[in-house]
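Enquirer: Below is the file upload.cif, with mmCIF, C-alpha atoms and all ligand atoms.
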data_protein
#
loop_
_atom_site.label_atom_id
_atom_site.label_comp_id
_atom_site.auth_asym_id
_atom_site.auth_seq_id
_atom_site.Cartn_x
_atom_site.Cartn_y
_atom_site.Cartn_z
CA MET A 9 -16.71 -19.59 -10.48
CA THR A 10 -17.51 -17.36 -7.48
CA LYS A 11 -13.80 -17.00 -6.89
CA ASP A 12 -13.26 -15.91 -10.49
CA LEU A 13 -16.08 -13.41 -10.28
CA GLY A 14 -14.47 -11.85 -7.21
CA LYS A 15 -11.17 -11.64 -9.04
CA ILE A 16 -12.80 -10.02 -12.04
CA GLU A 17 -14.49 -7.42 -9.86
CA THR A 18 -11.20 -6.62 -8.13
CA VAL A 19 -9.39 -6.16 -11.43
CA ILE A 20 -12.06 -3.77 -12.63
CA SER A 21 -12.51 -1.80 -9.41
CA GLU A 22 -8.74 -1.34 -9.14
CA LYS A 23 -8.57 -0.29 -12.78
CA ARG A 24 -5.98 -2.89 -13.63
CA ILE A 25 -7.03 -3.16 -17.27
CA LYS A 26 -4.86 -0.74 -19.19
CA LEU A 27 -4.98 0.49 -22.72
CA HIS A 28 -1.69 1.90 -23.92
CA ILE A 29 -2.11 4.16 -26.92
CA PHE A 30 0.97 5.06 -28.92
CA GLU A 31 0.93 8.34 -30.77
CA PRO A 32 0.79 9.41 -33.48
CA SER A 33 0.38 5.90 -34.94
CA GLN A 34 -2.56 5.02 -32.64
CA ARG A 35 -1.16 1.55 -32.05
CA LYS A 36 -2.92 -0.02 -29.11
CA ILE A 37 -1.67 -2.48 -26.52
CA TRP A 38 -3.87 -3.80 -23.75
CA THR A 39 -2.48 -5.20 -20.54
CA VAL A 40 -3.85 -6.37 -17.26
CA VAL A 41 -1.86 -5.95 -14.09
CA GLY A 42 -1.91 -9.21 -12.21
CA LYS A 43 -0.69 -9.99 -8.72
CA GLU A 44 2.92 -10.56 -9.74
CA LYS A 45 3.09 -9.70 -13.39
CA GLU A 46 1.57 -7.61 -16.07
CA TYR A 47 -0.09 -9.69 -18.78
CA TRP A 48 -0.54 -8.86 -22.39
CA ILE A 49 -4.07 -9.14 -23.73
CA GLU A 50 -4.89 -9.18 -27.41
CA PRO A 51 -8.70 -9.01 -27.56
CA VAL A 52 -8.82 -9.19 -31.35
CA LEU A 53 -7.12 -12.60 -31.22
CA ASN A 54 -8.75 -13.50 -27.91
CA PHE A 55 -5.30 -13.99 -26.43
CA CYS A 56 -3.78 -13.47 -22.99
CA SER A 57 -0.19 -14.16 -21.99
CA CYS A 58 -0.99 -15.72 -18.59
CA GLU A 59 -0.54 -19.36 -17.55
CA SER A 60 -4.20 -20.20 -17.16
CA PHE A 61 -4.89 -19.00 -20.67
CA TYR A 62 -2.10 -21.24 -21.88
CA PHE A 63 -3.47 -24.28 -20.07
CA ASN A 64 -7.03 -23.52 -21.10
CA SER A 65 -5.97 -23.23 -24.73
CA ILE A 66 -4.61 -26.79 -24.59
CA ILE A 67 -8.11 -28.03 -23.85
CA GLY A 68 -9.48 -25.80 -26.60
CA LYS A 69 -10.88 -23.06 -24.42
CA ASN A 70 -9.40 -19.65 -25.21
CA ASP A 71 -10.32 -17.95 -21.98
CA CYS A 72 -9.05 -16.73 -18.62
CA TYR A 73 -10.29 -14.28 -16.03
CA HIS A 74 -8.18 -11.49 -17.54
CA LEU A 75 -10.05 -11.75 -20.83
CA GLN A 76 -13.33 -11.91 -18.93
CA SER A 77 -12.30 -8.84 -16.93
CA PHE A 78 -11.33 -7.08 -20.11
CA ALA A 79 -14.71 -7.75 -21.70
CA LEU A 80 -16.52 -6.42 -18.65
CA ALA A 81 -14.21 -3.41 -18.21
CA GLN A 82 -14.74 -2.45 -21.81
CA LYS A 83 -18.48 -2.79 -21.48
CA GLU A 84 -18.50 -0.63 -18.37
CA ASN A 85 -15.97 1.81 -19.82
CA LYS A 86 -13.46 1.16 -17.07
CA VAL A 87 -10.35 0.64 -19.13
CA GLU A 88 -7.57 2.93 -17.96
CA GLN A 89 -6.02 4.75 -20.92
CA ILE A 90 -2.39 5.73 -20.98
CA LYS A 91 -0.77 7.66 -23.81
CA PHE A 92 2.73 6.97 -25.03
CA SER A 93 4.75 8.21 -27.92
CA ASP A 94 5.73 5.89 -30.75
CA ASP A 95 9.39 6.29 -29.72
CA GLU A 96 8.58 4.28 -26.62
CA PHE A 97 6.88 1.43 -28.45
CA SER A 98 9.81 -0.97 -28.84
CA ASP A 99 10.99 -0.45 -25.26
CA PHE A 100 7.49 -1.03 -24.02
CA ILE A 101 7.11 -4.26 -25.98
CA SER A 102 10.49 -5.64 -24.94
CA GLY A 103 9.71 -4.80 -21.30
CA LEU A 104 6.43 -6.62 -21.58
CA VAL A 105 7.87 -9.64 -23.34
CA SER A 106 10.80 -10.02 -20.94
CA ASP A 107 8.26 -10.14 -18.15
CA LEU A 108 6.48 -13.18 -19.60
ZN ZN B 201 -5.06 -14.22 -18.58
#
Would you put the structure from the file into structure tokens?

Expert:
Amino acid sequence: MTKDLGKIETVISEKRIKLHIFEPSQRKIWTVVGKEKEYWIEPVLNFCSCESFYFNSIIGKNDCYHLQSFALAQKENKVEQIKFSDDEFSDFISGLVSDL
């Protein structure tokens, strides 16, 4: 637990939680930049694309330290916002998915 807390603090202090806003549609994609990969977070569905989320979900626990970091970052207003245009949406998604 202490280890996770340290990880969460690092993610937040390094501003690795990113909100990508596509304009003009205002579509939003959240990601968290991990050590090797960038993970896709879907807070509305309480989903994260990382391995520990996957294994936790098997035991019925939809959680991982990315989602915990996200919740804290949002509370502390430390989500990094990046604007994109809608033209870039499909490229962005395929880049993200191919990384999974
Ligand atoms: Zn995760």

Enquirer: What residues have any atom no more than 7 Å from ligand ZN 201 (chain B) when counting all atoms listed in the file, and can you list them as number ranges by chain?

Expert: A: 47, 56-61, 72-75

Enquirer: Of the residues A:Ile101, A:Ala79, A:Leu13, A:Ile49, which is the one nearest to Leu27 (chain A), using all atoms listed in the file?

Expert: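 Using all atoms listed in the file, the shortest distance to Leu27 (chain A) belongs to A:Ile49.
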
Enquirer: Which value, in Å to one decimal, gives the distance between CA of Val40 (chain A) and CA of Glu17 (chain A)?

Expert: 13.0 Å

Enquirer: Tell me, in Å to one decimal, how far CA of Val52 (chain A) is from CA of Lys36 (chain A).

Expert: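 Taking CA of Val52 (chain A) as the start and CA of Lys36 (chain A) as the end point, the length is 11.1 Å.
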
Enquirer: Have a look at A:Asp71, A:Glu50, A:Asp95, A:Glu88 and name the one nearest to His28 (chain A); count only C-alpha atoms.

Expert: A:Glu88

Enquirer: Here is a test: counting all atoms listed in the file, which residue of A:Glu22, A:Gly14, A:Ile67, A:Phe30 is nearest to Ser98 (chain A)?

Expert: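 With all atoms listed in the file as the atom set, the closest residue is A:Phe30.
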
Enquirer: Neighbouring residues of Arg35 (chain A) were defined as those with any atom within 9 Å, considering all atoms listed in the file; residues of the same chain fewer than 6 positions away were excluded. Please report them as number ranges by chain.

Expert: A: 28-29, 94, 97

Enquirer: Out of A:Gly42, A:Gly68, A:Pro51, A:Pro32, which residue has the shortest atom-to-atom distance to Phe92 (chain A) when counting all atoms listed in the file?

Expert: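 Using all atoms listed in the file, Phe92 (chain A) sits closest to A:Pro32.
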
Enquirer: Write only C-alpha atoms for region 48-86 of chain A from the block just shown, as an mmCIF file, in the first residue's frame.

Expert:
data_model
loop_
_atom_site.group_PDB
_atom_site.id
_atom_site.type_symbol
_atom_site.label_atom_id
_atom_site.label_comp_id
_atom_site.auth_asym_id
_atom_site.auth_seq_id
_atom_site.Cartn_x
_atom_site.Cartn_y
_atom_site.Cartn_z
ATOM 1 C CA TRP A 48 -6.120 4.601 -21.442
ATOM 2 C CA ILE A 49 -8.381 5.506 -18.546
ATOM 3 C CA GLU A 50 -12.132 5.719 -18.832
ATOM 4 C CA PRO A 51 -13.282 7.158 -15.495
ATOM 5 C CA VAL A 52 -16.971 6.999 -16.398
ATOM 6 C CA LEU A 53 -16.691 3.225 -16.790
ATOM 7 C CA ASN A 54 -14.036 2.946 -14.091
ATOM 8 C CA PHE A 55 -11.731 1.334 -16.632
ATOM 9 C CA CYS A 56 -7.977 1.340 -17.198
ATOM 10 C CA SER A 57 -6.111 -0.515 -19.930
ATOM 11 C CA CYS A 58 -3.205 -1.695 -17.742
ATOM 12 C CA GLU A 59 -2.404 -5.259 -16.673
ATOM 13 C CA SER A 60 -3.090 -4.818 -12.983
ATOM 14 C CA PHE A 61 -6.544 -3.480 -13.744
ATOM 15 C CA TYR A 62 -7.150 -6.544 -15.886
ATOM 16 C CA PHE A 63 -6.049 -8.930 -13.146
ATOM 17 C CA ASN A 64 -7.925 -7.024 -10.471
ATOM 18 C CA SER A 65 -11.095 -7.133 -12.546
ATOM 19 C CA ILE A 66 -10.917 -10.943 -12.590
ATOM 20 C CA ILE A 67 -11.260 -10.934 -8.811
ATOM 21 C CA GLY A 68 -14.063 -8.387 -9.076
ATOM 22 C CA LYS A 69 -12.104 -5.327 -8.086
ATOM 23 C CA ASN A 70 -12.159 -2.615 -10.751
ATOM 24 C CA ASP A 71 -9.161 -0.678 -9.554
ATOM 25 C CA CYS A 72 -5.491 0.066 -10.149
ATOM 26 C CA TYR A 73 -3.120 2.809 -9.091
ATOM 27 C CA HIS A 74 -3.759 4.716 -12.325
ATOM 28 C CA LEU A 75 -7.439 5.075 -11.477
ATOM 29 C CA GLN A 76 -6.512 6.044 -7.931
ATOM 30 C CA SER A 77 -4.039 8.597 -9.286
ATOM 31 C CA PHE A 78 -6.674 9.909 -11.633
ATOM 32 C CA ALA A 79 -9.172 10.407 -8.814
ATOM 33 C CA LEU A 80 -6.615 12.281 -6.748
ATOM 34 C CA ALA A 81 -5.306 14.344 -9.680
ATOM 35 C CA GLN A 82 -8.811 15.402 -10.537
ATOM 36 C CA LYS A 83 -9.534 16.338 -6.957
ATOM 37 C CA GLU A 84 -6.361 18.404 -6.758
ATOM 38 C CA ASN A 85 -6.857 19.842 -10.241
ATOM 39 C CA LYS A 86 -3.597 18.403 -11.521
#
